[in-house]
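Text of my_file-v9.csv (CSV, C-alpha atoms and all ligand atoms) as supplied:
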chain,number,residue,atom,x,y,z
A,204,MET,CA,-10.8,-49.1,6.2
A,205,SER,CA,-11.6,-46.4,3.7
A,206,GLU,CA,-10.3,-43.0,4.5
A,207,ILE,CA,-12.8,-40.1,4.8
A,208,VAL,CA,-11.5,-37.2,2.7
A,209,LYS,CA,-12.7,-33.9,4.1
A,210,PRO,CA,-13.2,-31.2,1.5
A,211,GLU,CA,-10.4,-28.8,1.8
A,212,LYS,CA,-11.4,-25.5,3.4
A,213,LYS,CA,-10.6,-22.6,1.1
A,214,PRO,CA,-9.1,-19.4,2.5
A,215,ILE,CA,-11.6,-16.6,3.0
A,216,ILE,CA,-11.7,-13.3,1.0
A,217,PHE,CA,-13.8,-10.4,2.2
A,218,SER,CA,-14.2,-6.9,0.7
A,219,GLY,CA,-16.7,-4.2,0.5
A,220,ILE,CA,-17.6,-1.2,-1.6
A,221,GLN,CA,-19.7,1.8,-0.4
A,222,PRO,CA,-22.9,2.5,-2.3
A,223,SER,CA,-22.0,6.2,-1.9
A,224,GLY,CA,-22.2,7.2,-5.6
A,225,THR,CA,-21.6,6.0,-9.1
A,226,LEU,CA,-18.8,3.5,-9.2
A,227,THR,CA,-15.7,4.7,-10.9
A,228,LEU,CA,-12.9,3.3,-13.0
A,229,GLY,CA,-10.8,3.6,-9.8
A,230,ASN,CA,-13.1,1.3,-7.9
A,231,TYR,CA,-13.1,-1.1,-10.8
A,232,ILE,CA,-9.4,-1.3,-11.3
A,233,GLY,CA,-8.4,-1.1,-7.7
A,234,ALA,CA,-11.0,-3.5,-6.3
A,235,LEU,CA,-13.9,-4.9,-8.3
A,236,LYS,CA,-11.9,-6.3,-11.2
A,237,ASN,CA,-9.9,-8.4,-8.8
A,238,PHE,CA,-12.9,-9.8,-7.0
A,239,SER,CA,-14.1,-12.3,-9.7
A,240,VAL,CA,-10.5,-13.5,-10.3
A,241,LEU,CA,-10.4,-14.8,-6.8
A,242,GLN,CA,-13.7,-16.6,-6.6
A,243,ASP,CA,-12.5,-20.0,-7.8
A,244,ASP,CA,-9.7,-20.4,-5.3
A,245,TYR,CA,-11.2,-18.7,-2.3
A,246,ASP,CA,-14.5,-18.5,-0.4
A,247,CYS,CA,-15.4,-15.0,-1.3
A,248,ILE,CA,-17.7,-12.6,0.6
A,249,TYR,CA,-18.5,-9.3,-1.1
A,250,CYS,CA,-20.4,-6.8,0.9
A,251,ILE,CA,-22.4,-3.7,-0.1
A,252,VAL,CA,-21.3,-1.5,2.9
A,253,ASP,CA,-24.3,0.8,3.2
A,254,MET,CA,-23.6,1.4,6.9
A,255,HIS,CA,-20.3,2.9,6.0
A,256,ALA,CA,-22.0,5.1,3.3
A,257,ILE,CA,-24.0,7.0,5.9
A,258,THR,CA,-20.9,8.5,7.5
A,259,VAL,CA,-21.5,11.1,4.8
A,260,ARG,CA,-25.1,12.4,4.5
A,261,GLN,CA,-27.1,10.4,1.9
A,262,ASN,CA,-30.4,10.8,0.3
A,263,PRO,CA,-32.4,7.8,1.5
A,264,ALA,CA,-34.1,6.9,-1.9
A,265,ASP,CA,-30.7,7.3,-3.7
A,266,LEU,CA,-28.9,5.1,-1.2
A,267,ARG,CA,-31.5,2.3,-1.4
A,268,ARG,CA,-31.4,2.4,-5.2
A,269,ARG,CA,-27.6,2.4,-5.2
A,270,CYS,CA,-27.5,-0.7,-3.0
A,271,MET,CA,-29.5,-2.6,-5.6
A,272,GLU,CA,-27.4,-1.2,-8.4
A,273,LEU,CA,-24.2,-2.2,-6.7
A,274,ALA,CA,-25.5,-5.8,-6.3
A,275,ALA,CA,-26.1,-5.7,-10.1
A,276,ILE,CA,-22.6,-4.3,-10.7
A,277,TYR,CA,-21.0,-7.0,-8.6
A,278,ILE,CA,-22.6,-9.7,-10.6
A,279,ALA,CA,-22.1,-7.9,-14.0
A,280,SER,CA,-18.4,-7.7,-13.2
A,281,GLY,CA,-18.2,-11.5,-13.3
A,282,LEU,CA,-19.1,-12.5,-9.7
A,283,ASP,CA,-21.1,-15.6,-9.7
A,284,PRO,CA,-23.8,-15.3,-7.0
A,285,LYS,CA,-23.5,-19.1,-6.5
A,286,LYS,CA,-19.8,-18.9,-5.7
A,287,SER,CA,-19.5,-15.5,-4.0
A,288,LEU,CA,-21.6,-14.3,-1.1
A,289,ILE,CA,-23.0,-10.9,-2.1
A,290,TYR,CA,-25.0,-9.1,0.6
A,291,CYS,CA,-25.9,-5.8,2.3
A,292,GLN,CA,-24.1,-4.9,5.4
A,293,SER,CA,-27.2,-3.4,7.1
A,294,HIS,CA,-28.9,-6.8,6.8
A,295,VAL,CA,-26.4,-8.4,9.1
A,296,THR,CA,-26.7,-7.1,12.7
A,297,GLY,CA,-23.3,-8.6,13.7
A,298,HIS,CA,-21.4,-5.8,11.9
A,299,ALA,CA,-22.7,-3.2,14.3
A,300,GLU,CA,-22.5,-5.5,17.3
A,301,LEU,CA,-18.9,-6.5,16.7
A,302,ALA,CA,-18.0,-2.9,15.9
A,303,TRP,CA,-19.1,-1.7,19.3
A,304,ILE,CA,-16.9,-4.3,21.0
A,305,LEU,CA,-13.9,-3.4,18.9
A,306,ASN,CA,-14.5,0.3,19.6
A,307,CYS,CA,-13.5,-0.6,23.1
A,308,PHE,CA,-10.2,-2.1,21.9
A,309,THR,CA,-9.2,0.8,19.6
A,310,TYR,CA,-7.4,3.9,20.8
A,311,MET,CA,-8.4,7.4,19.9
A,312,GLY,CA,-4.8,8.1,18.9
A,313,GLU,CA,-4.9,5.3,16.4
A,314,LEU,CA,-8.1,6.6,14.8
A,315,ASN,CA,-6.6,10.2,14.8
A,316,ARG,CA,-3.8,9.0,12.5
A,317,MET,CA,-6.1,7.8,9.8
A,318,THR,CA,-5.6,9.8,6.6
A,319,GLN,CA,-9.0,9.0,5.1
A,320,TYR,CA,-10.6,10.5,8.3
A,321,LYS,CA,-8.5,13.7,7.9
A,322,ASP,CA,-9.4,14.0,4.2
A,323,LYS,CA,-13.1,13.3,4.7
A,324,ALA,CA,-13.3,15.6,7.8
A,325,ALA,CA,-11.8,18.4,5.6
A,326,LYS,CA,-14.3,17.6,2.8
A,327,HIS,CA,-17.3,17.5,5.1
A,328,ALA,CA,-16.4,20.1,7.7
A,329,ASP,CA,-20.1,20.7,8.4
A,330,ASN,CA,-20.7,17.0,9.4
A,331,ILE,CA,-17.6,15.6,11.2
A,332,ASN,CA,-19.6,12.9,13.0
A,333,ALA,CA,-18.4,10.1,15.3
A,334,GLY,CA,-19.2,7.5,12.6
A,335,LEU,CA,-16.7,9.1,10.3
A,336,PHE,CA,-14.1,8.9,13.0
A,337,THR,CA,-14.9,5.2,14.0
A,338,TYR,CA,-15.4,4.2,10.3
A,339,PRO,CA,-12.2,2.0,10.4
A,340,VAL,CA,-13.5,0.1,13.4
A,341,LEU,CA,-16.7,-0.9,11.5
A,342,MET,CA,-14.5,-1.9,8.7
A,343,ALA,CA,-12.4,-4.1,11.0
A,344,ALA,CA,-15.6,-5.7,12.3
A,345,ASP,CA,-16.7,-6.4,8.7
A,346,ILE,CA,-13.4,-8.3,8.1
A,347,LEU,CA,-13.0,-10.0,11.4
A,348,LEU,CA,-16.6,-11.3,11.6
A,349,PHE,CA,-15.9,-13.7,8.8
A,350,GLN,CA,-12.4,-14.9,9.9
A,351,THR,CA,-11.1,-13.4,6.7
A,352,ASN,CA,-7.7,-14.4,5.4
A,353,MET,CA,-7.3,-11.8,2.6
A,354,VAL,CA,-8.8,-8.4,1.7
A,355,PRO,CA,-8.6,-7.2,-1.9
A,356,VAL,CA,-8.6,-3.3,-1.8
A,357,GLY,CA,-7.0,-0.3,-3.4
A,358,VAL,CA,-3.9,1.1,-1.7
A,359,ASP,CA,-5.9,3.9,0.0
A,360,GLN,CA,-7.3,1.2,2.4
A,361,LYS,CA,-3.9,-0.1,3.5
A,362,GLN,CA,-3.8,2.0,6.6
A,363,HIS,CA,-7.3,0.8,7.7
A,364,LEU,CA,-6.2,-2.8,7.2
A,365,GLU,CA,-3.2,-2.3,9.3
A,366,LEU,CA,-5.4,-0.9,12.0
A,367,CYS,CA,-7.7,-3.9,11.7
A,368,ARG,CA,-4.7,-6.3,12.1
A,369,ASP,CA,-3.5,-4.3,15.2
A,370,VAL,CA,-6.9,-4.4,16.9
A,371,ALA,CA,-7.3,-8.2,16.1
A,372,GLN,CA,-3.9,-8.9,17.5
A,373,ARG,CA,-4.6,-6.9,20.6
A,374,PHE,CA,-7.9,-8.7,21.1
A,375,ASN,CA,-6.2,-12.1,20.5
A,376,GLY,CA,-3.5,-11.1,23.0
A,377,VAL,CA,-6.0,-10.8,25.7
A,378,TYR,CA,-8.5,-13.6,24.9
A,379,GLY,CA,-6.6,-16.2,22.8
A,380,ASP,CA,-6.9,-16.9,19.1
A,381,VAL,CA,-10.3,-15.6,18.4
A,382,PHE,CA,-9.7,-13.7,15.1
A,383,THR,CA,-7.8,-14.7,12.0
A,384,ILE,CA,-5.3,-12.0,11.2
A,385,PRO,CA,-6.1,-10.8,7.6
A,386,GLU,CA,-3.6,-9.8,4.9
A,387,PRO,CA,-4.2,-7.0,2.3
A,388,TYR,CA,-4.4,-8.0,-1.3
A,389,ILE,CA,-3.3,-5.0,-3.3
A,390,ALA,CA,-2.6,-5.2,-7.1
A,391,LYS,CA,0.8,-4.1,-8.3
A,392,VAL,CA,-0.6,-1.9,-11.1
A,393,GLY,CA,-3.6,0.3,-10.7
A,394,SER,CA,-4.0,0.2,-6.9
A,395,LYS,CA,-4.4,4.0,-7.0
A,396,ILE,CA,-6.0,5.4,-10.0
A,397,MET,CA,-5.8,9.2,-10.0
A,398,SER,CA,-8.4,11.9,-10.7
A,399,LEU,CA,-8.6,12.9,-14.4
A,400,GLN,CA,-8.7,16.6,-13.5
A,401,GLU,CA,-6.2,16.6,-10.5
A,402,PRO,CA,-3.9,13.7,-11.2
A,403,THR,CA,-2.2,14.1,-7.8
A,404,ARG,CA,-5.4,13.1,-6.0
A,405,LYS,CA,-7.2,9.7,-5.9
A,406,MET,CA,-10.1,9.2,-8.3
A,407,SER,CA,-13.1,9.2,-6.1
A,408,LYS,CA,-16.8,8.6,-6.7
A,409,SER,CA,-17.8,11.4,-4.4
A,410,ASP,CA,-15.9,14.0,-6.5
A,411,PRO,CA,-17.3,16.0,-9.5
A,412,GLU,CA,-18.3,14.1,-12.6
A,413,ASP,CA,-15.5,15.2,-14.9
A,414,THR,CA,-12.8,13.9,-12.5
A,415,PHE,CA,-13.7,10.2,-13.1
A,416,VAL,CA,-14.9,7.7,-15.6
A,417,ALA,CA,-18.1,6.0,-14.3
A,418,LEU,CA,-18.5,2.3,-14.9
A,419,LEU,CA,-21.7,2.9,-16.7
A,420,ASP,CA,-20.6,5.9,-18.9
A,421,ASP,CA,-21.3,5.5,-22.6
A,422,PRO,CA,-18.4,5.4,-25.0
A,423,ASP,CA,-18.8,9.0,-26.1
A,424,THR,CA,-18.7,10.2,-22.5
A,425,ILE,CA,-15.7,8.1,-21.8
A,426,ARG,CA,-13.8,9.5,-24.8
A,427,ARG,CA,-14.8,13.1,-23.9
A,428,LYS,CA,-13.7,12.7,-20.3
A,429,ILE,CA,-10.3,11.1,-21.2
A,430,LYS,CA,-9.7,13.6,-23.9
A,431,ARG,CA,-10.0,16.4,-21.3
A,432,ALA,CA,-7.8,14.6,-18.8
A,433,VAL,CA,-5.1,16.9,-17.4
A,434,THR,CA,-1.6,15.9,-18.6
A,435,ASP,CA,1.4,18.3,-18.8
A,436,SER,CA,3.1,20.5,-21.3
A,437,ASP,CA,6.4,18.6,-22.2
A,438,GLY,CA,4.7,16.3,-24.7
A,439,GLU,CA,6.8,13.2,-23.8
A,440,ILE,CA,5.1,9.9,-23.0
A,441,ARG,CA,7.1,8.6,-20.0
A,442,PHE,CA,6.1,6.8,-16.8
A,443,ASP,CA,7.0,9.2,-14.0
A,444,PRO,CA,4.2,9.5,-11.4
A,445,GLU,CA,5.9,12.3,-9.5
A,446,ASN,CA,6.7,14.6,-12.3
A,447,LYS,CA,4.1,13.5,-14.9
A,448,PRO,CA,1.1,12.3,-12.9
A,449,GLY,CA,-1.5,12.7,-15.6
A,450,VAL,CA,0.4,10.8,-18.3
A,451,SER,CA,1.5,8.1,-15.8
A,452,ASN,CA,-2.2,7.7,-14.7
A,453,LEU,CA,-3.3,7.0,-18.3
A,454,LEU,CA,-0.5,4.5,-18.7
A,455,SER,CA,-1.4,2.8,-15.5
A,456,ILE,CA,-5.1,2.6,-16.5
A,457,MET,CA,-4.2,0.9,-19.8
A,458,SER,CA,-1.7,-1.5,-18.2
A,459,ALA,CA,-4.1,-2.5,-15.5
A,460,LEU,CA,-6.8,-3.2,-18.1
A,461,GLY,CA,-4.5,-5.7,-19.9
A,462,ALA,CA,-2.9,-3.6,-22.6
A,463,GLY,CA,0.6,-4.7,-21.7
A,464,SER,CA,3.3,-3.8,-19.2
A,465,ILE,CA,3.9,-0.1,-18.6
A,466,ASP,CA,7.4,-0.5,-20.1
A,467,SER,CA,6.0,-2.0,-23.3
A,468,LEU,CA,3.3,0.7,-23.6
A,469,VAL,CA,5.9,3.4,-23.2
A,470,ALA,CA,8.1,1.8,-25.8
A,471,GLU,CA,5.1,1.5,-28.2
A,472,LEU,CA,3.9,5.0,-27.7
A,473,ALA,CA,7.3,6.8,-27.6
A,474,GLY,CA,7.4,9.8,-29.9
A,475,GLN,CA,3.6,10.0,-30.3
A,476,GLY,CA,1.4,12.8,-29.0
A,477,TYR,CA,-0.9,12.9,-26.0
A,478,GLY,CA,-3.8,12.7,-28.5
A,479,THR,CA,-2.8,9.1,-29.4
A,480,LEU,CA,-2.2,8.2,-25.7
A,481,LYS,CA,-5.7,9.4,-24.9
A,482,THR,CA,-7.4,7.7,-27.8
A,483,ARG,CA,-5.6,4.4,-26.9
A,484,THR,CA,-6.6,4.8,-23.3
A,485,ALA,CA,-10.2,5.5,-24.1
A,486,ASP,CA,-10.3,2.4,-26.5
A,487,CYS,CA,-9.0,0.2,-23.7
A,488,VAL,CA,-11.5,1.6,-21.1
A,489,ILE,CA,-14.5,1.2,-23.5
A,490,ALA,CA,-13.5,-2.3,-24.4
A,491,ALA,CA,-13.0,-3.3,-20.8
A,492,LEU,CA,-16.3,-1.9,-19.6
A,493,GLU,CA,-18.5,-3.1,-22.5
A,494,PRO,CA,-19.2,-6.6,-21.2
A,495,LEU,CA,-20.0,-5.3,-17.7
A,496,GLN,CA,-22.3,-2.7,-19.1
A,497,THR,CA,-24.2,-5.1,-21.2
A,498,GLU,CA,-24.7,-7.6,-18.4
A,499,TYR,CA,-25.6,-4.8,-16.0
A,500,LYS,CA,-28.5,-3.6,-18.2
A,501,LYS,CA,-30.0,-7.1,-18.1
A,502,LEU,CA,-29.6,-7.5,-14.4
A,503,ILE,CA,-31.0,-4.2,-13.3
A,504,ALA,CA,-34.1,-4.8,-15.2
A,505,ASP,CA,-34.8,-7.8,-12.9
A,506,LYS,CA,-35.1,-6.3,-9.4
A,507,GLY,CA,-36.9,-9.4,-8.1
A,508,TYR,CA,-33.9,-11.6,-8.9
A,509,LEU,CA,-31.5,-9.2,-7.2
A,510,GLN,CA,-33.6,-8.8,-4.1
A,511,GLY,CA,-33.9,-12.6,-3.9
A,512,ILE,CA,-30.1,-12.9,-3.9
A,513,LEU,CA,-29.7,-10.3,-1.2
A,514,ASP,CA,-32.4,-11.8,1.0
A,515,GLU,CA,-31.1,-15.3,0.7
A,516,ASN,CA,-27.5,-14.2,1.3
A,517,ALA,CA,-28.3,-12.1,4.3
A,518,LYS,CA,-29.4,-15.4,6.0
A,519,THR,CA,-26.1,-17.1,5.2
A,520,ALA,CA,-24.1,-14.0,6.2
A,521,ASN,CA,-26.0,-13.7,9.5
A,522,TYR,CA,-25.3,-17.3,10.3
A,523,LEU,CA,-21.6,-17.0,9.6
A,524,ALA,CA,-21.2,-13.7,11.4
A,525,ASN,CA,-23.0,-15.0,14.5
A,526,LYS,CA,-20.5,-17.8,14.8
A,527,THR,CA,-17.7,-15.3,15.4
A,528,LEU,CA,-19.9,-12.9,17.3
A,529,ARG,CA,-21.1,-15.4,19.9
A,530,LYS,CA,-17.5,-16.5,20.5
A,531,VAL,CA,-16.4,-12.8,21.0
A,532,GLN,CA,-19.4,-12.0,23.3
A,533,LYS,CA,-18.5,-15.0,25.5
A,534,LYS,CA,-14.9,-14.1,25.6
A,535,VAL,CA,-15.5,-10.5,26.8
A,536,GLY,CA,-18.0,-11.8,29.5
A,537,PHE,CA,-21.4,-10.8,28.2
A,538,ALA,CA,-24.3,-12.5,30.1
A,539,THR,CA,-25.1,-16.1,29.2
A,540,ARG,CA,-28.0,-16.5,26.8
A,541,GLY,CA,-30.7,-18.9,28.0
B,601,LIG,P1,-15.9,7.7,-1.6
B,601,LIG,O1,-15.4,8.7,-2.6
B,601,LIG,O2,-17.4,7.6,-1.4
B,601,LIG,O3,-15.1,7.7,-0.3
B,601,LIG,P2,-14.4,5.7,-3.0
B,601,LIG,O4,-14.5,6.0,-4.5
B,601,LIG,O5,-13.1,6.0,-2.4
B,601,LIG,O6,-15.6,6.3,-2.2
B,601,LIG,P3,-14.9,3.1,-1.8
B,601,LIG,O7,-16.3,2.6,-1.8
B,601,LIG,O8,-14.5,3.8,-0.5
B,601,LIG,O9,-14.7,4.2,-3.0
B,601,LIG,O10,-13.9,2.0,-2.2
B,601,LIG,C1,-14.2,0.8,-2.8
B,601,LIG,C2,-12.9,0.1,-3.2
B,601,LIG,O11,-12.3,0.8,-4.3
B,601,LIG,C3,-11.8,0.1,-2.1
B,601,LIG,O12,-11.1,-1.1,-2.2
B,601,LIG,C4,-10.9,1.2,-2.6
B,601,LIG,O13,-9.5,1.0,-2.1
B,601,LIG,C5,-11.0,1.1,-4.1
B,601,LIG,N1,-10.7,2.4,-4.7
B,601,LIG,C6,-11.4,3.5,-4.5
B,601,LIG,N2,-10.9,4.5,-5.3
B,601,LIG,C7,-9.8,4.0,-5.9
B,601,LIG,C8,-8.8,4.5,-6.9
B,601,LIG,N3,-8.9,5.7,-7.3
B,601,LIG,N4,-7.9,3.6,-7.3
B,601,LIG,C9,-7.8,2.4,-6.9
B,601,LIG,N5,-8.7,1.8,-6.1
B,601,LIG,C10,-9.7,2.6,-5.6
B,602,LIG,N1,-13.5,1.3,3.7
B,602,LIG,C1,-13.6,0.7,2.4
B,602,LIG,C2,-14.9,0.0,2.2
B,602,LIG,C3,-15.0,-1.1,3.1
B,602,LIG,C4,-14.2,-2.3,3.1
B,602,LIG,C5,-14.6,-3.1,4.2
B,602,LIG,C6,-13.2,-2.8,2.2
B,602,LIG,C7,-15.8,-1.2,4.2
B,602,LIG,N2,-15.6,-2.4,4.8
B,602,LIG,C8,-14.1,-4.3,4.5
B,602,LIG,C9,-12.7,-4.0,2.5
B,602,LIG,C10,-13.1,-4.8,3.6
B,602,LIG,C11,-13.4,1.8,1.4
B,602,LIG,O1,-13.1,1.4,0.3
B,602,LIG,N3,-13.5,3.0,1.6
Taking this structure as input, can you express it in the form of structure tokens?
Amino acid sequence: MSEIVKPEKKPIIFSGIQPSGTLTLGNYIGALKNFSVLQDDYDCIYCIVDMHAITVRQNPADLRRRCMELAAIYIASGLDPKKSLIYCQSHVTGHAELAWILNCFTYMGELNRMTQYKDKAAKHADNINAGLFTYPVLMAADILLFQTNMVPVGVDQKQHLELCRDVAQRFNGVYGDVFTIPEPYIAKVGSKIMSLQEPTRKMSKSDPEDTFVALLDDPDTIRRKIKRAVTDSDGEIRFDPENKPGVSNLLSIMSALGAGSIDSLVAELAGQGYGTLKTRTADCVIAALEPLQTEYKKLIADKGYLQGILDENAKTANYLANKTLRKVQKKVGFATRG
């Protein structure tokens, strides 16, 4: 009798990026760059998390446009829309539905400890809304809806992922094995790229223009921004994030973009000035972003193609999400559907 060989199920990867501004080199190195590397060995789901983005006030026309642009950036970064499921969070109702249920399994004290909430509340003191507070619960719902095994993110998201695991374990403890417990996937180099102007703070797309390199900046702008990056006054090229955050940040950027290990870069650049360090960093960044930028320009000119992908993928994502959601609804005792 011939044996039926079932195709092996690949582990599931899920991640999301907010369409809350122009994507930065930090988003690229910490998250995006790793996404395409994973798509051959995993079933990858990459979400445009527009529901997360409205925790901070957004201009509606800009938000809509940025969702489309982020779809183009995902594909331009090397994601194959046939291999990776790229879709918009707001097109899949299960995110909000599961988030509500998980809200009832998350403690105020847990959310109160989240450092991103504290930072954002300080930054947006005029709009400390409940969504900003429960943001990590929606993120947990994103991840758990798809029975995700691994989540590629920058190190700033580690705390949210730990919360997601705690909530999932708590739920499973009550109802049995409903959710897969996800693991973070955080790169060794580049998981926290720092601001060019304040290198002790994370580079962030919602900060002023001169603090970050945008993925779509032209070469002259990239050179100018990196040339003006804050360093220090001792003139020595050494990797020491605590005492030399600016110089260490430039070394991390180069290394993460494939210019060699930090040690080899330090050895190579020893005795040279910061001018050389900055020129070398700018060369690396320009070369790394060039293919993405070329591809992006082609893609963004064809909105019909992008919309088609988002529409089609929303159906698949809804189908997958509903499988978990129905199970969860049944477990908690929601009324039977006819
Ligand atoms: P915002 O400023 O609007 O809060 P953000 O720039 O922090 O946004 P997100 O959309 O929240 O970006 O993050 C998308 C992904 O990029 C996440 O995985 C996050 O960890 C990663 N990321 C963001 N900033 C950096 C950074 N400076 N270094 C490394 N990874 C980063
Ligand atoms: N909170 C993340 C964005 C995000 C996300 C996710 C990342 C929302 N949902 C699910 C990974 C998995 C951030 O980067 N600020």
Identify, counting all atoms listed in the file, the protein, DNA and RNA residues located within 9 Å of ligand LIG 601 (chain B), and give them as number ranges by chain.
A: 218-235, 251-252, 255-256, 259, 319, 323, 354-361, 389, 393-398, 404-410, 415
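In terms of minimum interatomic distance to ligand LIG 602 (chain B), A:Ala343 ranks closest within A:Val370, A:Ala343, A:Leu314, A:Ile489, counting only C-alpha atoms and all ligand atoms.
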Could you check which of A:Ala538, A:Ala302, A:Ile503, A:Leu364 is closest to ligand LIG 602 (chain B), using only C-alpha atoms and all ligand atoms?
A:Leu364
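Note that the spacing between atom CA of Leu492 of chain A and atom CA of Leu472 of chain A amounts to 22.8 Å.
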Identify which of the residues A:Ile425, A:Ala279, A:Val208, A:Ala299 lies closest to ligand LIG 602 (chain B), counting all atoms listed in the file when measuring atom-to-atom distances.
A:Ala299
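Between atom CA of Phe308 of chain A and atom CA of Asp246 of chain A lies a distance of 28.0 Å.
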Can you list, as a VMD selection string, every protein, DNA or RNA residue that comes within 7 Å of Leu513 of chain A when you count all atoms listed in the file, leaving out same-chain residues fewer than 6 positions away?
chain A and resid 289 to 291
Near-Val381 of chain A list (9 Å; all atoms listed in the file; drop same-chain fewer than 6 positions) as a list in words
Gln350, Ala371, Phe374, Asn375, Thr527, Lys530, Val531 and Lys534 of chain A
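Restricting the calculation to all atoms listed in the file, the smallest distance between ligand LIG 602 (chain B) and any of A:Glu386, A:Glu493, A:Asp514, A:Glu471 is found for A:Glu386.
Proximity of A:Thr424, A:Thr318, A:Thr414, A:Thr497 to ligand LIG 602 (chain B), computed with only C-alpha atoms and all ligand atoms, is greatest for A:Thr318.
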Which is closer to Asn330 of chain A than all the others in A:Val392, A:Ala524, A:Ile215, A:Ile257, using all atoms listed in the file?
A:Ile257
Separating atom CA of Gln242 of chain A from atom CA of Gly281 of chain A, to the nearest tenth of an Å, is a gap of 9.5 Å
Any idea what's packed within 12 Å of Arg540 of chain A, counting all atoms listed in the file, ignoring anything in its chain fewer than 6 positions away? Could you give it as number ranges by chain?
A: 529, 532-533
Written selection (C-alpha atoms) as a PDB file, keeping the file's coordinate frame:
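Result file again.pdb:
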ATOM      1  CA  ARG A 529     -21.100 -15.400  19.900  1.00  0.00           C
ATOM      2  CA  GLN A 532     -19.400 -12.000  23.300  1.00  0.00           C
ATOM      3  CA  LYS A 533     -18.500 -15.000  25.500  1.00  0.00           C
TER       4      LYS A 533
END
List the spatial neighbours of segment 432-437 of chain A as a ChimeraX atom specification - criterion: any atom at most 12 Å away, only C-alpha atoms, same-chain residues fewer than 2 positions off excluded.
/A:397-403,413-416,425-430,439-441,443-454,474,476-478,480-482,484-485
Env of Asp243 of chain A: 12 Å cut, atoms = only C-alpha atoms, seq-sep filter 2 positions within chain, self excluded. Answer as a list in words.
Lys213, Pro214, Ile215, Ile216, Asn237, Phe238, Ser239, Val240, Leu241, Tyr245, Asp246, Cys247, Gly281, Leu282, Asp283, Lys285, Lys286 and Ser287 of chain A
If you keep C-alpha atoms, can you produce a file of those selected residues as a CSV table (one decimal), keeping the file's coordinate frame?
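That gives us again_36.csv:
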chain,number,residue,atom,x,y,z
A,213,LYS,CA,-10.6,-22.6,1.1
A,214,PRO,CA,-9.1,-19.4,2.5
A,215,ILE,CA,-11.6,-16.6,3.0
A,216,ILE,CA,-11.7,-13.3,1.0
A,237,ASN,CA,-9.9,-8.4,-8.8
A,238,PHE,CA,-12.9,-9.8,-7.0
A,239,SER,CA,-14.1,-12.3,-9.7
A,240,VAL,CA,-10.5,-13.5,-10.3
A,241,LEU,CA,-10.4,-14.8,-6.8
A,245,TYR,CA,-11.2,-18.7,-2.3
A,246,ASP,CA,-14.5,-18.5,-0.4
A,247,CYS,CA,-15.4,-15.0,-1.3
A,281,GLY,CA,-18.2,-11.5,-13.3
A,282,LEU,CA,-19.1,-12.5,-9.7
A,283,ASP,CA,-21.1,-15.6,-9.7
A,285,LYS,CA,-23.5,-19.1,-6.5
A,286,LYS,CA,-19.8,-18.9,-5.7
A,287,SER,CA,-19.5,-15.5,-4.0
